[in-house]
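*Asks:* I have a structure I would like to understand better, so I am pasting it below and will then ask my questions one at a time.
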Amino acid sequence: MKIKDARSLSTSAQEALRQRAVKAIQGGKKQAEVCQIFSISHSALNKWLKLYREFGDRGLKNQKRGRPPSMRLKPWQCGVIVRLITDKLPDQLKLPFALWTREAVQQLIKQRFEVELSIWTVGRYLKRWGFTPQKPAKRALEQSPLAVRKWLEEEYPAIRKKAQQENAEIHWGDETGIRSDHQTGRTYGRKGKTPVIPNTGHRFGCNVISTITNRGKMRFMVFSGRFNAKIFITLLARLSKTMKGRKVFLIVDNHRVHHARVVTKWLNKHKEQISIFFLPPYSPDLNPDEMLNNDLKSNAVGRKRAKDPEELENNVRKFLKSKQKKPDKVKNYFKVKSVQYAMS
């Protein structure tokens, strides 16, 4: 007997087939006979009979196909999961994951509500809740949330107010090291064949110290050797000269050079021209100039392979000068969420 595949029939024909087969059983025919008459399998007939016994004629009607319209989690359960994903990391909830993945959320739902969902269903939930896979920003474990809050709510607003009173210009400063072997970005290649980028086997580098303002100004120095107090004082002196008598408020991190005695001594002699303020410890994410450093490493170094130290420094200077001529590009660094507070 050739068994019919009912899926090839129209929905109305499928419903009629189920009803006729069940009526035939009710009329006294045996299951084997009904299966032969309608060319259906015993398992299909048993399933239809079970549905009829449980739900009557309603059980034989066509059911709506596709994804169920209602999700398995209740609204309040969704709210709990969203809050936990937003406020906590998986390891804080005793889950064996470092980041929030679909598998981590799947286990969290099972842990909290004893509801088992497939990976695909979890993915649909995450999309509905507004979550997307993203590269996480780094934050030092030593960073103090209390110090960050104090900076955002008290210290920086006070600096901004004082700058307005003294007609000072606020600059954000930072220094960074550039390496010739820095690699970023991706390139297309044949599947299974990793592309090879020619590069020199020698390692070399240079350093950059820069300042930017939320009005689009930029100042920078490219130098070789280690960053020290002499280099920093040179930048401070040059920065003061470019201001044409206007005072500078420079905000920097807590690098030991910034706290050096000779730097403090120099600042005391030039306190009418420049003052320094310090970010909370371990908080590079609060410094807009850090965004410039990231841009520099990605686009001036990571995607242009220098063959020697001179070419590397030229690439860096060329990139920084091009940014310096485009204030709107510099202003964009302040649009990153973690530093938007510095836009005013």
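By order of appearance in the structure tokens: chains A, B, ..., then residues from 1 within every chain, and ligands from 1 in the order shown.
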Using DSSP on the backbone coordinates, identify the residues of stretch 131-282 of chain A assigned to strand (DSSP E); present them as an MDAnalysis selection string.
*Replies:* chainID A and resid 169:179 205:212 218:223 248:252 274:278
*Asks:* Write out, as CSV, each residue of stretch 54-129 of chain A that has an atom at most 12 Å from stretch 22-44 of chain A, together with the closest pair of atoms and their distance in Å to one decimal, counting only C-alpha atoms, rows going by chain and rising number.
*Replies:*
```
residue,atom,partner,partner_atom,distance
A:Gly56,CA,A:Val22,CA,10.6
A:Asp57,CA,A:Val22,CA,9.8
A:Gly59,CA,A:Val22,CA,11.3
A:Leu60,CA,A:Val22,CA,9.1
```
*Asks:* Looking at A:Tyr156, A:Phe113, A:Tyr52, A:Phe131, which one is nearest to A:Met343, with distances taken over only C-alpha atoms?
*Replies:*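 Answer, going by the shortest atom-to-atom distance: A:Tyr156.
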*Asks:* List as number ranges by chain the protein and nucleic acid residues near A:Gln164, meaning an atom at most 12 Å away when only C-alpha atoms are counted, but skip any in the same chain fewer than 6 places from it.
*Replies:* A: 157-158, 170, 246-249, 344
*Asks:* Check stretch 19-252 of chain A with DSSP on the backbone and list each residue it calls alpha helix (DSSP H), as a ChimeraX atom specification.
*Replies:* /A:19-26,31-38,42-55,75-87,102-113,119-129,145-150,156-166,229-242
*Asks:* Find the spatial neighbours of stretch 149-152 of chain A, counting only C-alpha atoms, within a cut-off of 10 Å - ignore same-chain residues fewer than 2 positions away - and output them as a ChimeraX atom specification.
*Replies:* /A:144-147,154-159,278-280,286,339,341-342
*Asks:* Taking only C-alpha atoms into account, which of A:Ile81, A:Ile274, A:Ala300, A:Cys206 comes nearest A:Met243?
*Replies:* A:Ile274
*Asks:* Contacts of stretch 215-227 of chain A at 10 Å or less, counting only C-alpha atoms, minus same-chain residues fewer than 6 places along, as a VMD selection string?
*Replies:* chain A and resid 169 to 178 204 to 209 234 to 235 238 to 239 242 257 289 292 309 313 to 314 316 to 317 320 to 321 323 to 334 343 to 344
*Asks:* Find the residue from A:Ala98, A:Leu126, A:Leu117, A:Leu49 that sits nearest to A:Cys78; use only C-alpha atoms when measuring.
*Replies:*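 Counting only C-alpha atoms, the residue closest to A:Cys78 is A:Leu126.
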